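Text of run22.txt (compact mmCIF, C-alpha atoms) as supplied:
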```
# COMPACT_ATOMS: atom_id res chain seq x y z
CA MET A 1 -22.78 -46.66 13.27
CA LYS A 2 -19.49 -48.57 13.27
CA ALA A 3 -17.81 -45.68 15.09
CA ILE A 4 -20.48 -45.78 17.85
CA LEU A 5 -20.19 -49.54 18.30
CA THR A 6 -16.40 -49.42 18.41
CA LEU A 7 -16.40 -46.73 21.07
CA ALA A 8 -19.07 -48.50 23.11
CA MET A 9 -17.17 -51.78 23.04
CA VAL A 10 -13.93 -50.15 24.17
CA LEU A 11 -15.61 -48.25 27.00
CA SER A 12 -17.52 -51.34 28.07
CA PHE A 13 -14.31 -53.33 28.25
CA LEU A 14 -12.56 -50.69 30.33
CA ILE A 15 -15.45 -50.39 32.78
CA THR A 16 -16.41 -54.04 33.25
CA SER A 17 -13.01 -55.72 33.15
CA ALA A 18 -12.44 -57.55 36.42
CA ASP A 19 -8.70 -56.97 36.23
CA ALA A 20 -8.57 -53.21 35.56
CA HIS A 21 -5.35 -52.21 33.84
CA PRO A 22 -4.05 -49.27 31.79
CA PRO A 23 -4.91 -49.62 28.10
CA SER A 24 -2.24 -51.05 25.86
CA GLU A 25 -0.85 -49.00 23.00
CA ASP A 26 -3.16 -50.76 20.52
CA GLU A 27 -6.18 -50.18 22.77
CA SER A 28 -5.27 -46.49 23.11
CA ILE A 29 -5.05 -46.15 19.34
CA ASP A 30 -8.44 -47.84 18.91
CA LEU A 31 -9.96 -45.52 21.48
CA THR A 32 -8.44 -42.45 19.86
CA MET A 33 -9.63 -43.45 16.39
CA ALA A 34 -13.09 -44.19 17.73
CA GLN A 35 -13.21 -40.78 19.37
CA HIS A 36 -12.20 -39.08 16.11
CA GLU A 37 -14.97 -40.90 14.30
CA LYS A 38 -17.46 -39.99 17.00
CA ASN A 39 -16.40 -36.33 16.86
CA ILE A 40 -16.95 -36.27 13.10
CA GLU A 41 -20.36 -37.89 13.52
CA ILE A 42 -21.44 -35.30 16.12
CA CYS A 43 -19.97 -32.45 14.08
CA THR A 44 -21.90 -33.62 11.03
CA GLN A 45 -25.11 -33.68 13.06
CA ASN A 46 -24.33 -30.16 14.30
CA LEU A 47 -23.86 -28.90 10.74
CA VAL A 48 -27.15 -30.46 9.66
CA ALA A 49 -28.93 -28.73 12.56
CA ILE A 50 -27.21 -25.43 11.75
CA GLY A 51 -28.33 -25.73 8.13
CA LYS A 52 -31.95 -26.25 9.20
CA ALA A 53 -31.70 -23.29 11.57
CA ILE A 54 -30.35 -21.08 8.78
CA ASP A 55 -33.24 -22.13 6.53
CA ALA A 56 -35.70 -21.26 9.30
CA TYR A 57 -33.98 -17.91 9.85
CA ARG A 58 -34.19 -17.10 6.13
CA ASP A 59 -37.88 -18.03 6.03
CA ASP A 60 -38.44 -15.70 8.97
CA LYS A 61 -36.12 -12.79 8.13
CA GLY A 62 -35.79 -13.05 4.36
CA ASP A 63 -31.98 -13.14 4.47
CA PHE A 64 -29.02 -15.02 5.87
CA PRO A 65 -27.91 -14.24 9.42
CA ASP A 66 -24.89 -12.00 9.91
CA TRP A 67 -23.39 -14.56 12.30
CA LEU A 68 -24.32 -18.05 13.46
CA SER A 69 -24.97 -16.63 16.94
CA ASP A 70 -27.98 -14.81 15.44
CA LEU A 71 -29.67 -18.22 15.18
CA HIS A 72 -29.84 -18.60 18.98
CA PRO A 73 -32.25 -18.95 20.68
CA GLN A 74 -35.17 -18.44 18.30
CA HIS A 75 -34.03 -20.69 15.46
CA LEU A 76 -31.44 -22.81 17.27
CA ALA A 77 -32.49 -23.53 20.83
CA ASP A 78 -29.42 -25.53 21.87
CA LYS A 79 -26.35 -23.29 21.72
CA ASN A 80 -24.11 -26.32 22.28
CA ILE A 81 -24.76 -27.25 18.65
CA LEU A 82 -22.42 -24.39 17.76
CA ILE A 83 -19.51 -26.20 19.46
CA CYS A 84 -17.58 -28.95 17.69
CA PRO A 85 -16.53 -31.76 20.06
CA ALA A 86 -13.04 -31.72 18.48
CA ASP A 87 -12.57 -27.99 19.16
CA LYS A 88 -9.40 -27.40 21.18
CA GLU A 89 -9.17 -23.71 20.28
CA GLY A 90 -11.36 -22.42 23.12
CA GLN A 91 -14.75 -22.80 21.38
CA LYS A 92 -13.98 -20.53 18.44
CA ALA A 93 -13.24 -20.67 14.73
CA ILE A 94 -9.59 -21.17 13.82
CA PHE A 95 -9.30 -18.14 11.51
CA PRO A 96 -9.61 -14.88 13.52
CA ALA A 97 -11.75 -13.23 10.81
CA ASN A 98 -14.36 -15.98 11.32
CA ILE A 99 -14.60 -15.76 15.11
CA ASP A 100 -18.19 -15.02 16.11
CA PRO A 101 -18.23 -11.73 18.06
CA ASN A 102 -21.30 -12.61 20.14
CA MET A 103 -20.94 -16.09 21.62
CA PRO A 104 -18.70 -19.19 21.57
CA THR A 105 -18.88 -20.80 18.12
CA SER A 106 -16.50 -23.40 16.71
CA TYR A 107 -17.63 -23.07 13.12
CA GLY A 108 -16.32 -20.72 10.46
CA TYR A 109 -19.33 -18.94 8.98
CA GLN A 110 -18.61 -17.94 5.38
CA PHE A 111 -21.35 -15.35 4.91
CA HIS A 112 -20.66 -12.85 7.66
CA PRO A 113 -20.53 -9.15 6.70
CA GLU A 114 -16.81 -9.08 5.84
CA TYR A 115 -17.12 -12.05 3.46
CA ARG A 116 -20.59 -11.50 2.04
CA LYS A 117 -19.73 -9.59 -1.14
CA ARG A 118 -16.97 -11.97 -2.21
CA LYS A 119 -18.97 -15.08 -1.36
CA SER A 120 -21.96 -13.76 -3.29
CA GLU A 121 -19.76 -13.41 -6.36
CA GLN A 122 -18.35 -16.92 -5.92
CA ARG A 123 -21.84 -18.29 -5.45
CA LEU A 124 -22.91 -16.69 -8.72
CA MET A 125 -20.20 -18.58 -10.62
CA TRP A 126 -20.02 -21.81 -8.63
CA GLY A 127 -23.61 -22.21 -7.48
CA ASP A 128 -24.82 -23.36 -4.07
CA VAL A 129 -22.23 -26.10 -3.67
CA ILE A 130 -19.70 -23.71 -2.10
CA PRO A 131 -19.19 -23.84 1.68
CA LEU A 132 -21.50 -21.81 3.89
CA VAL A 133 -20.20 -23.16 7.22
CA ARG A 134 -16.83 -24.86 7.74
CA CYS A 135 -15.24 -26.85 10.56
CA ARG A 136 -11.42 -27.08 10.63
CA HIS A 137 -11.06 -28.79 14.01
CA HIS A 138 -10.59 -32.41 12.86
CA VAL A 139 -6.87 -31.97 12.40
CA ASN A 140 -5.93 -35.65 12.47
CA GLU A 141 -8.15 -36.54 9.54
CA GLU A 142 -7.22 -36.84 5.88
CA PHE A 143 -9.38 -33.85 5.00
CA ALA A 144 -8.88 -30.24 6.12
CA CYS A 145 -12.50 -29.13 6.46
CA LEU A 146 -15.95 -30.53 7.08
CA ASN A 147 -18.38 -28.30 5.19
CA LEU A 148 -22.05 -27.36 5.04
CA SER A 149 -22.86 -25.94 1.61
CA PHE A 150 -25.42 -23.29 0.71
CA SER A 151 -27.53 -26.18 -0.59
CA SER A 152 -27.31 -27.97 2.80
CA LYS A 153 -24.93 -30.66 1.54
CA ILE A 154 -22.31 -32.00 3.97
CA TYR A 155 -18.94 -32.90 2.47
CA THR A 156 -15.22 -32.95 3.27
CA SER A 157 -12.67 -30.93 1.36
CA THR A 158 -9.20 -29.48 1.33
CA SER A 159 -8.71 -26.09 2.98
CA ALA A 160 -8.78 -24.26 -0.37
CA TRP A 161 -12.02 -25.68 -1.75
CA GLU A 162 -11.60 -23.75 -5.01
CA ASN A 163 -8.68 -26.00 -5.96
CA ALA A 164 -10.67 -29.25 -5.87
CA PRO A 165 -14.10 -28.61 -7.41
CA GLU A 166 -14.68 -32.35 -7.78
CA GLU A 167 -15.02 -32.49 -3.98
CA LEU A 168 -17.85 -29.95 -4.12
CA TYR A 169 -19.74 -31.35 -7.11
CA GLY A 170 -19.09 -35.02 -6.38
CA SER A 171 -17.10 -35.90 -9.51
CA HIS A 172 -14.87 -34.40 -12.19
CA GLU A 173 -17.64 -34.81 -14.75
CA ALA A 174 -20.22 -32.99 -12.62
CA ALA A 175 -17.79 -30.13 -12.02
CA ILE A 176 -17.09 -29.86 -15.75
CA ALA A 177 -20.82 -29.66 -16.54
CA ALA A 178 -21.33 -26.98 -13.87
CA PHE A 179 -18.44 -24.83 -15.13
CA GLU A 180 -19.52 -25.17 -18.76
CA ASP A 181 -23.01 -24.00 -17.76
CA ALA A 182 -21.59 -21.06 -15.79
CA LEU A 183 -19.35 -19.98 -18.67
CA ALA A 184 -22.27 -20.16 -21.09
CA LEU A 185 -24.35 -17.94 -18.79
CA TYR A 186 -21.62 -15.47 -17.79
CA SER A 187 -19.19 -15.49 -20.70
CA ASP A 188 -18.91 -11.69 -20.65
CA ASP A 189 -18.48 -11.42 -16.90
CA PRO A 190 -14.79 -10.86 -15.99
CA ARG A 191 -15.29 -12.96 -12.87
CA SER A 192 -15.91 -16.03 -15.02
CA PHE A 193 -12.27 -15.90 -16.11
CA ASN A 194 -11.25 -17.60 -12.85
CA LEU A 195 -13.10 -20.74 -13.94
CA TYR A 196 -10.94 -21.33 -17.02
CA PRO A 197 -7.82 -22.72 -15.29
CA LYS A 198 -9.97 -25.03 -13.20
CA LEU A 199 -11.88 -26.25 -16.24
CA VAL A 200 -8.65 -26.94 -18.13
CA ARG A 201 -7.41 -28.97 -15.15
CA LEU A 202 -10.68 -30.93 -15.05
CA TYR A 203 -10.53 -31.70 -18.77
CA ALA A 204 -6.98 -32.99 -18.24
CA LYS A 205 -8.09 -35.14 -15.30
CA VAL A 206 -10.75 -36.92 -17.37
CA GLY A 207 -8.40 -37.31 -20.33
CA ASN A 208 -10.20 -34.86 -22.64
CA LYS A 209 -7.04 -33.31 -24.09
CA GLN A 210 -8.91 -31.97 -27.12
CA MET A 211 -11.19 -29.76 -25.00
CA ALA A 212 -8.32 -28.69 -22.76
CA ASP A 213 -6.20 -27.66 -25.76
CA ALA A 214 -9.13 -25.83 -27.38
CA LEU A 215 -9.77 -23.85 -24.21
CA ILE A 216 -6.09 -22.99 -23.87
CA GLU A 217 -5.90 -21.78 -27.48
CA ARG A 218 -9.03 -19.72 -26.96
CA LEU A 219 -7.50 -18.01 -23.96
CA LYS A 220 -4.07 -17.60 -25.56
CA SER A 221 -5.59 -15.81 -28.53
CA SER A 222 -7.47 -13.40 -26.29
CA THR A 223 -4.68 -12.75 -23.79
CA GLU A 224 -1.93 -10.18 -24.23
CA LEU A 225 1.33 -11.95 -23.44
CA ASP A 226 2.86 -9.43 -21.10
CA ILE A 227 4.00 -10.65 -17.66
CA ASP A 228 0.42 -10.76 -16.35
CA GLY A 229 -0.63 -12.59 -19.49
CA TYR A 230 2.05 -15.21 -19.00
CA LEU A 231 0.92 -15.64 -15.40
CA THR A 232 -2.63 -16.25 -16.64
CA LEU A 233 -1.34 -18.71 -19.21
CA PHE A 234 0.72 -20.50 -16.58
CA ASN A 235 -2.36 -20.91 -14.38
CA LEU A 236 -4.17 -22.42 -17.34
CA LEU A 237 -1.41 -24.79 -18.38
CA VAL A 238 -0.38 -26.03 -14.96
CA GLY A 239 -3.60 -28.01 -14.64
CA THR A 240 -2.73 -30.02 -17.76
CA GLU A 241 0.63 -31.14 -16.33
CA GLN A 242 2.11 -30.87 -19.85
CA TYR A 243 5.41 -29.60 -18.51
CA GLU A 244 7.48 -30.12 -21.67
CA ASP A 245 5.07 -27.89 -23.61
CA MET A 246 5.08 -25.37 -20.78
CA LEU A 247 8.88 -25.27 -20.75
CA GLU A 248 8.98 -24.30 -24.42
CA ILE A 249 6.50 -21.45 -23.88
CA PHE A 250 8.15 -20.04 -20.77
CA LYS A 251 11.68 -20.25 -22.13
CA GLU A 252 10.38 -17.90 -24.83
CA ALA A 253 8.91 -15.74 -22.08
CA GLU A 254 12.32 -15.63 -20.39
CA GLN A 255 13.89 -14.31 -23.58
CA GLN A 256 11.27 -11.58 -23.66
CA TYR A 257 11.52 -10.79 -19.92
CA PRO A 258 14.93 -12.11 -18.81
CA ASP A 259 14.88 -10.51 -15.34
CA ALA A 260 11.19 -10.84 -14.49
CA GLN A 261 10.91 -12.68 -11.18
CA PRO A 262 7.45 -14.18 -11.91
CA ILE A 263 8.74 -15.76 -15.15
CA LEU A 264 11.81 -17.14 -13.37
CA ALA A 265 9.62 -18.57 -10.61
CA MET A 266 7.43 -20.30 -13.19
CA LEU A 267 10.47 -21.87 -14.84
CA SER A 268 11.67 -23.07 -11.44
CA TYR A 269 8.29 -24.75 -10.90
CA ILE A 270 8.36 -26.38 -14.35
CA TYR A 271 11.91 -27.72 -14.00
CA ARG A 272 11.08 -29.13 -10.57
CA ARG A 273 8.09 -30.98 -12.00
CA LEU A 274 10.32 -32.32 -14.76
CA GLY A 275 12.70 -33.67 -12.12
CA ASN A 276 15.57 -31.28 -12.86
CA THR A 277 16.24 -30.13 -9.28
CA GLU A 278 19.52 -28.44 -10.14
CA LEU A 279 17.99 -26.11 -12.72
CA ALA A 280 14.92 -25.59 -10.53
CA ASP A 281 17.14 -24.46 -7.65
CA GLY A 282 19.04 -22.17 -9.99
CA TYR A 283 15.87 -20.46 -11.19
CA ASP A 284 14.59 -20.31 -7.61
CA ARG A 285 17.65 -18.30 -6.67
CA LYS A 286 17.25 -16.01 -9.68
CA ALA A 287 13.60 -15.42 -8.86
CA ASP A 288 14.23 -14.72 -5.18
CA PRO A 289 17.39 -12.68 -4.44
CA LYS A 290 17.06 -13.49 -0.75
CA PHE A 291 18.62 -16.89 -1.43
CA GLU A 292 21.90 -15.03 -1.85
CA LEU A 293 21.66 -13.99 1.80
CA TRP A 294 21.86 -17.57 3.10
CA GLY A 295 25.01 -18.04 5.17
CA LYS A 296 25.57 -14.30 5.49
CA PRO A 297 25.14 -12.10 8.59
CA VAL A 298 21.63 -10.72 9.08
CA SER A 299 21.55 -6.97 9.65
CA ASP A 300 20.77 -5.94 13.22
CA PHE A 301 17.75 -3.89 14.21
CA THR A 302 16.46 -2.12 17.29
CA ALA A 303 12.78 -1.77 18.03
CA THR A 304 10.21 -1.78 20.82
CA ASP A 305 8.25 -4.90 21.65
CA LEU A 306 4.53 -5.11 22.32
CA ASP A 307 5.09 -4.44 26.03
CA GLY A 308 7.10 -1.28 25.35
CA ASN A 309 10.53 -2.81 26.04
CA PRO A 310 13.56 -2.33 23.78
CA ILE A 311 14.58 -5.32 21.67
CA SER A 312 17.31 -5.94 19.12
CA LEU A 313 18.55 -8.89 17.12
CA GLN A 314 21.93 -8.51 18.79
CA ASP A 315 20.25 -9.43 22.10
CA TYR A 316 19.76 -12.95 20.73
CA ARG A 317 23.35 -13.58 19.63
CA GLY A 318 24.35 -17.05 20.82
CA LYS A 319 20.86 -18.41 20.19
CA VAL A 320 19.20 -19.90 17.15
CA VAL A 321 16.43 -17.38 16.50
CA LEU A 322 13.41 -17.32 14.20
CA LEU A 323 12.10 -14.00 12.89
CA ASP A 324 8.43 -14.74 12.24
CA PHE A 325 6.72 -12.10 10.09
CA TRP A 326 2.98 -12.66 10.58
CA ALA A 327 -0.44 -11.08 11.28
CA THR A 328 -3.71 -12.08 12.89
CA TRP A 329 -5.57 -11.38 9.63
CA CYS A 330 -3.31 -13.78 7.69
CA GLY A 331 -4.97 -17.20 7.36
CA PRO A 332 -1.77 -19.12 6.47
CA CYS A 333 -0.02 -17.47 9.44
CA ILE A 334 -2.72 -18.70 11.80
CA VAL A 335 -2.61 -22.20 10.30
CA GLU A 336 1.19 -22.22 10.75
CA MET A 337 1.09 -21.00 14.36
CA PRO A 338 0.47 -24.40 16.06
CA ASN A 339 3.54 -25.76 14.26
CA VAL A 340 5.61 -22.77 15.38
CA LYS A 341 4.45 -23.22 18.98
CA ARG A 342 5.28 -26.93 18.91
CA VAL A 343 8.80 -26.30 17.60
CA TYR A 344 9.32 -23.53 20.15
CA ASN A 345 8.24 -25.75 23.06
CA THR A 346 10.45 -28.59 21.80
CA TYR A 347 13.68 -26.62 21.38
CA LYS A 348 13.41 -23.55 23.64
CA ASP A 349 15.61 -25.20 26.27
CA GLN A 350 18.26 -26.00 23.64
CA GLY A 351 19.02 -22.42 22.68
CA PHE A 352 16.13 -21.68 20.31
CA ASP A 353 13.98 -18.54 20.50
CA ILE A 354 11.52 -16.59 18.36
CA ILE A 355 10.86 -12.92 17.68
CA GLY A 356 7.44 -12.25 16.22
CA ILE A 357 7.24 -9.28 13.85
CA VAL A 358 3.58 -8.45 13.46
CA ILE A 359 2.46 -6.78 10.21
CA ASP A 360 -0.87 -5.70 11.63
CA ASP A 361 -2.74 -2.58 12.70
CA ARG A 362 -5.24 -4.15 15.12
CA GLU A 363 -3.55 -4.14 18.50
CA ALA A 364 -6.55 -5.30 20.53
CA GLU A 365 -7.10 -8.35 18.32
CA LEU A 366 -3.37 -9.08 18.43
CA ARG A 367 -3.22 -8.98 22.23
CA ASP A 368 -6.32 -11.17 22.50
CA TYR A 369 -4.87 -13.73 20.08
CA ILE A 370 -1.53 -13.88 21.91
CA LYS A 371 -3.25 -14.32 25.28
CA GLU A 372 -5.81 -16.87 24.13
CA ASN A 373 -3.21 -18.96 22.29
CA ASP A 374 -0.54 -18.75 25.00
CA ILE A 375 2.19 -17.40 22.73
CA ALA A 376 5.24 -17.03 24.94
CA TRP A 377 7.85 -15.30 22.77
CA ARG A 378 8.22 -11.54 22.30
CA GLN A 379 6.41 -9.62 19.58
CA ILE A 380 7.39 -6.45 17.74
CA TYR A 381 4.39 -4.37 16.73
CA SER A 382 4.66 -1.00 14.97
CA GLY A 383 0.96 -0.56 14.26
CA LYS A 384 1.86 0.69 10.79
CA SER A 385 0.68 -0.49 7.40
CA TRP A 386 2.64 -3.02 5.39
CA MET A 387 4.49 -0.44 3.30
CA ALA A 388 5.29 1.67 6.36
CA ASP A 389 6.38 -1.03 8.78
CA PRO A 390 10.13 -0.46 9.28
CA LEU A 391 11.14 -4.10 9.69
CA ALA A 392 8.97 -5.30 6.80
CA GLN A 393 10.78 -2.75 4.68
CA GLN A 394 14.24 -3.55 6.07
CA PHE A 395 13.83 -7.25 5.29
CA GLU A 396 11.90 -6.63 2.05
CA VAL A 397 8.99 -8.79 3.15
CA ARG A 398 6.38 -8.96 0.39
CA GLY A 399 4.24 -11.81 1.70
CA ILE A 400 3.53 -13.50 5.00
CA PRO A 401 4.13 -15.75 6.75
CA GLU A 402 7.83 -15.30 6.07
CA MET A 403 10.24 -16.92 8.52
CA TRP A 404 13.92 -16.11 8.79
CA LEU A 405 15.93 -18.69 10.74
CA ILE A 406 19.24 -17.31 12.03
CA ASP A 407 22.10 -19.27 13.59
CA ARG A 408 23.91 -18.50 16.84
CA ASP A 409 26.47 -16.36 15.01
CA GLY A 410 23.78 -14.18 13.42
CA LYS A 411 23.95 -15.75 9.95
CA LEU A 412 20.86 -16.57 7.90
CA ILE A 413 20.05 -20.26 7.61
CA SER A 414 16.85 -19.84 5.57
CA HIS A 415 14.13 -17.28 4.90
CA ARG A 416 11.68 -20.08 4.11
CA ALA A 417 11.64 -21.95 7.42
CA ARG A 418 8.01 -23.10 7.38
CA GLY A 419 6.06 -26.30 7.89
CA ALA A 420 8.06 -29.49 8.39
CA THR A 421 11.18 -27.66 7.17
CA LEU A 422 11.11 -25.45 10.27
CA GLU A 423 11.68 -28.28 12.73
CA GLN A 424 14.27 -29.95 10.52
CA LEU A 425 16.32 -26.76 10.30
CA VAL A 426 15.94 -25.87 13.98
CA ALA A 427 16.95 -29.37 15.09
CA GLU A 428 20.08 -29.23 12.93
CA ALA A 429 20.94 -25.69 14.03
CA VAL A 430 20.69 -26.26 17.80
CA LYS A 431 22.62 -29.55 17.52
CA ASP A 432 25.33 -28.32 15.16
CA ASN A 433 25.93 -25.06 16.99
CA ALA A 434 25.93 -26.75 20.40
CA SER A 435 28.60 -29.20 19.29
CA ASP A 436 30.74 -26.41 17.86
CA ARG A 437 30.91 -24.36 21.04
```

Take the structure in the file and give it back as structure tokens.
Amino acid sequence: MKAILTLAMVLSFLITSADAHPPSEDESIDLTMAQHEKNIEICTQNLVAIGKAIDAYRDDKGDFPDWLSDLHPQHLADKNILICPADKEGQKAIFPANIDPNMPTSYGYQFHPEYRKRKSEQRLMWGDVIPLVRCRHHVNEEFACLNLSFSSKIYTSTSAWENAPEELYGSHEAAIAAFEDALALYSDDPRSFNLYPKLVRLYAKVGNKQMADALIERLKSSTELDIDGYLTLFNLLVGTEQYEDMLEIFKEAEQQYPDAQPILAMLSYIYRRLGNTELADGYDRKADPKFELWGKPVSDFTATDLDGNPISLQDYRGKVVLLDFWATWCGPCIVEMPNVKRVYNTYKDQGFDIIGIVIDDREAELRDYIKENDIAWRQIYSGKSWMADPLAQQFEVRGIPEMWLIDRDGKLISHRARGATLEQLVAEAVKDNASDR
């Protein structure tokens, strides 16, 4: 109600003021904040209406709809309810896999055919608190998603809801009780194993060290300590934040597997949490050999871009260039794309350019995404699988997004140029190189 009154007061002032004038900076901020609050209020109302329509559909059909568009018009008369007022993505879900194939829909439906099997398994372990419909369009808010659960509850959460169960259940204590019940019911189900690290973290959060330690010992005794076993143990221990104890365990693991990259990466993480940046950086470099390529020339390549034109890295010599390995099916890639576009638009006139290298086999979806999102830089697309894509193999890309930033002389600046780091590195590279020439 406060959001509505604030917006009404601002609009009333702007309309009725005898001396009309442009809003001041403070007035603009108030108006923007009021609009955000209003958008969230409308979005919440939309999700409530969608939940009621899904219930009506289930009563009628005996099952969930395949897509939210199936609700219209019989169970959801007003199709505008499927559009979030904060949607700036062209009336569609942000993740391509969640885009409704039948009509404009802002919301990410979590029970469509591609997700149904996995979500059914999660629902078995977590219950009906997990998200059924998600909105990711309120980007200026402290939360990542506004959710409608299977039980018709509306709540905010981080993007990866699995990492913060207290947001779903309402408190750490409620999440603990739910997980304990699930483990009692499904103790022999391998899928229940994923609950253990989260339960250990929750015990640590409420200060129940005794239960956390007991659960860890139970898992340690039943886990073979090969590399996969150490990874499982790491996932359990990290929630306790007992980094000194973890260091002792994983230094022993290093003696057993001195060249195993996963063990080295875990030690890097532990040292960083202990505040030893120097050792953390050292283990980071051991775990990822690509660090040794920083400051060295990047090998050239020749390929064909999405429009059938030849392209090579040599063509970009004299520019700061980003090699962006990505795919339309990759959620983190899609989340990163607005940041990449913003950096491109900011620095493209200062000698910065991008080459997209698409690890994808769905050309139609790729072309649609590029067109709809106004991506201006060139894309290389082989249409081959991950293990067969020539550039993915040449650059030993094992996960995406992976972003190689290269200076004007063709030397690697970083292969981890993501997030806020991307703009920092690009700004330094275009400035430093410009002053040197």

Enumerate, in order of chain and increasing residue number, the residues of segment 201-273 of chain A with an atom no farther than 10 Å from segment 163-187 of chain A, each with its shortest atom pair and distance in Å to one decimal, counting all atoms listed in the file, as a Markdown table.
```
| residue | atom | partner | partner_atom | distance |
| --- | --- | --- | --- | --- |
| A:Arg201 | CA | A:His172 | CA | 9.7 |
| A:Leu202 | CA | A:His172 | CA | 6.1 |
| A:Tyr203 | CA | A:Ile176 | CA | 7.5 |
| A:Lys205 | CA | A:His172 | CA | 7.5 |
| A:Val206 | CA | A:His172 | CA | 7.1 |
```

>> Could you tell me how far atom CA of Thr421 of chain A sits from atom CA of Ser106 of chain A, in Å to one decimal place?
In response: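 According to the coordinates, atom CA of Ser106 of chain A and atom CA of Thr421 of chain A are separated by 29.6 Å.
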
Within 10 Å of Ile311 of chain A, counting all atoms listed in the file, which residues qualify if same-chain residues fewer than 6 places away don't, as a PDB file with C-alpha atoms, in the frame of the given file?
```pdb
ATOM      1  CA  PHE A 301      17.750  -3.890  14.210  1.00  0.00           C
ATOM      2  CA  THR A 302      16.460  -2.120  17.290  1.00  0.00           C
ATOM      3  CA  ALA A 303      12.780  -1.770  18.030  1.00  0.00           C
ATOM      4  CA  THR A 304      10.210  -1.780  20.820  1.00  0.00           C
ATOM      5  CA  ASP A 305       8.250  -4.900  21.650  1.00  0.00           C
ATOM      6  CA  ILE A 355      10.860 -12.920  17.680  1.00  0.00           C
ATOM      7  CA  ARG A 378       8.220 -11.540  22.300  1.00  0.00           C
ATOM      8  CA  GLN A 379       6.410  -9.620  19.580  1.00  0.00           C
ATOM      9  CA  ILE A 380       7.390  -6.450  17.740  1.00  0.00           C
TER      10      ILE A 380
END
```

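Nearest-residue note for Ser149 of chain A: choosing from A:Gly399, A:Pro65, A:Gly239, A:Gly51, the minimum distance belongs to A:Gly51, counting only C-alpha atoms.
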
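The residue that comes closest to Phe325 of chain A, out of A:Ile81, A:Ile263, A:Ala429, A:Val397 and on the basis of all atoms listed in the file, is A:Val397.
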
>> Within 12 Å of (-3.5, -27.5, 1.0) in the file's own coordinates, which protein, DNA or RNA residues have an atom, counting all atoms listed in the file? List them as a list in words.
In response: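 Collected hits near the coordinates: Glu142, Phe143, Ala144, Cys145, Ser157, Thr158, Ser159, Ala160, Trp161, Glu162, Asn163, Ala164, Pro332, Val335 and Gly419 of chain A.
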
Could you write out that same residue set with C-alpha atoms as an mmCIF file, keeping the file's coordinate frame?
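Listing of result.cif after writing:
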```
data_model
loop_
_atom_site.group_PDB
_atom_site.id
_atom_site.type_symbol
_atom_site.label_atom_id
_atom_site.label_comp_id
_atom_site.auth_asym_id
_atom_site.auth_seq_id
_atom_site.Cartn_x
_atom_site.Cartn_y
_atom_site.Cartn_z
ATOM 1 C CA GLU A 142 -7.220 -36.840 5.880
ATOM 2 C CA PHE A 143 -9.380 -33.850 5.000
ATOM 3 C CA ALA A 144 -8.880 -30.240 6.120
ATOM 4 C CA CYS A 145 -12.500 -29.130 6.460
ATOM 5 C CA SER A 157 -12.670 -30.930 1.360
ATOM 6 C CA THR A 158 -9.200 -29.480 1.330
ATOM 7 C CA SER A 159 -8.710 -26.090 2.980
ATOM 8 C CA ALA A 160 -8.780 -24.260 -0.370
ATOM 9 C CA TRP A 161 -12.020 -25.680 -1.750
ATOM 10 C CA GLU A 162 -11.600 -23.750 -5.010
ATOM 11 C CA ASN A 163 -8.680 -26.000 -5.960
ATOM 12 C CA ALA A 164 -10.670 -29.250 -5.870
ATOM 13 C CA PRO A 332 -1.770 -19.120 6.470
ATOM 14 C CA VAL A 335 -2.610 -22.200 10.300
ATOM 15 C CA GLY A 419 6.060 -26.300 7.890
#
```

>> Excluding Pro338 of chain A and its own-chain neighbours fewer than 4 positions away, which residues fall within 12 Å of it when counting only C-alpha atoms? Please give them as a ChimeraX atom specification.
In response: /A:88-89,94,139,332-334,342-345,373-375,418-420

> What gap, in Å, lies between atom CA of Asp55 of chain A and atom CA of Phe150 of chain A?
Replying inline: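 Taking atom CA of Asp55 of chain A as the start and atom CA of Phe150 of chain A as the end point, the length is 9.8 Å.
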
>> At a cut-off of 12 Å, using all atoms listed in the file, what residues contact Ile270 of chain A? Leave out same-chain residues fewer than 5 positions from it and give the result as JSON, numbers by chain.
In response: {"A": [234, 237, 238, 241, 242, 243, 244, 245, 246, 247, 248, 249, 250, 251, 263, 264, 265, 275, 276, 277, 279, 280, 281, 283, 284]}

> Quick one: distance from atom CA of Tyr109 of chain A to atom CA of Ala93 of chain A in Å, one decimal?
Replying inline: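 Rounded to one decimal, the two atoms are 8.6 Å apart.
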
>> Here is a test: counting all atoms listed in the file, which residue of A:Gln122, A:Gln314, A:Asn147, A:Gln256 is nearest to Ile40 of chain A?
In response: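 Nearest to Ile40 of chain A: A:Asn147.
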
> With all atoms listed in the file as the atoms that count, which of A:Ala427, A:Leu323, A:Ile130, A:Ile50 lies nearest to His72 of chain A?
Replying inline: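 With all atoms listed in the file as the atom set, the closest residue is A:Ile50.
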
> For Glu121 of chain A, which residue out of A:Arg191, A:Arg136, A:Lys61, A:Lys153 is the nearest one, using all atoms listed in the file?
Replying inline: A:Arg191

> For the point (14.4, -23.0, 8.6) in file coordinates, what residues are within 12 Å, counting all atoms listed in the file? Give the answer as JSON, numbers by chain?
Replying inline: {"A": [294, 320, 321, 322, 323, 324, 340, 343, 352, 402, 403, 404, 405, 406, 407, 412, 413, 414, 415, 416, 417, 418, 419, 420, 421, 422, 423, 424, 425, 426, 427, 428, 429, 430]}
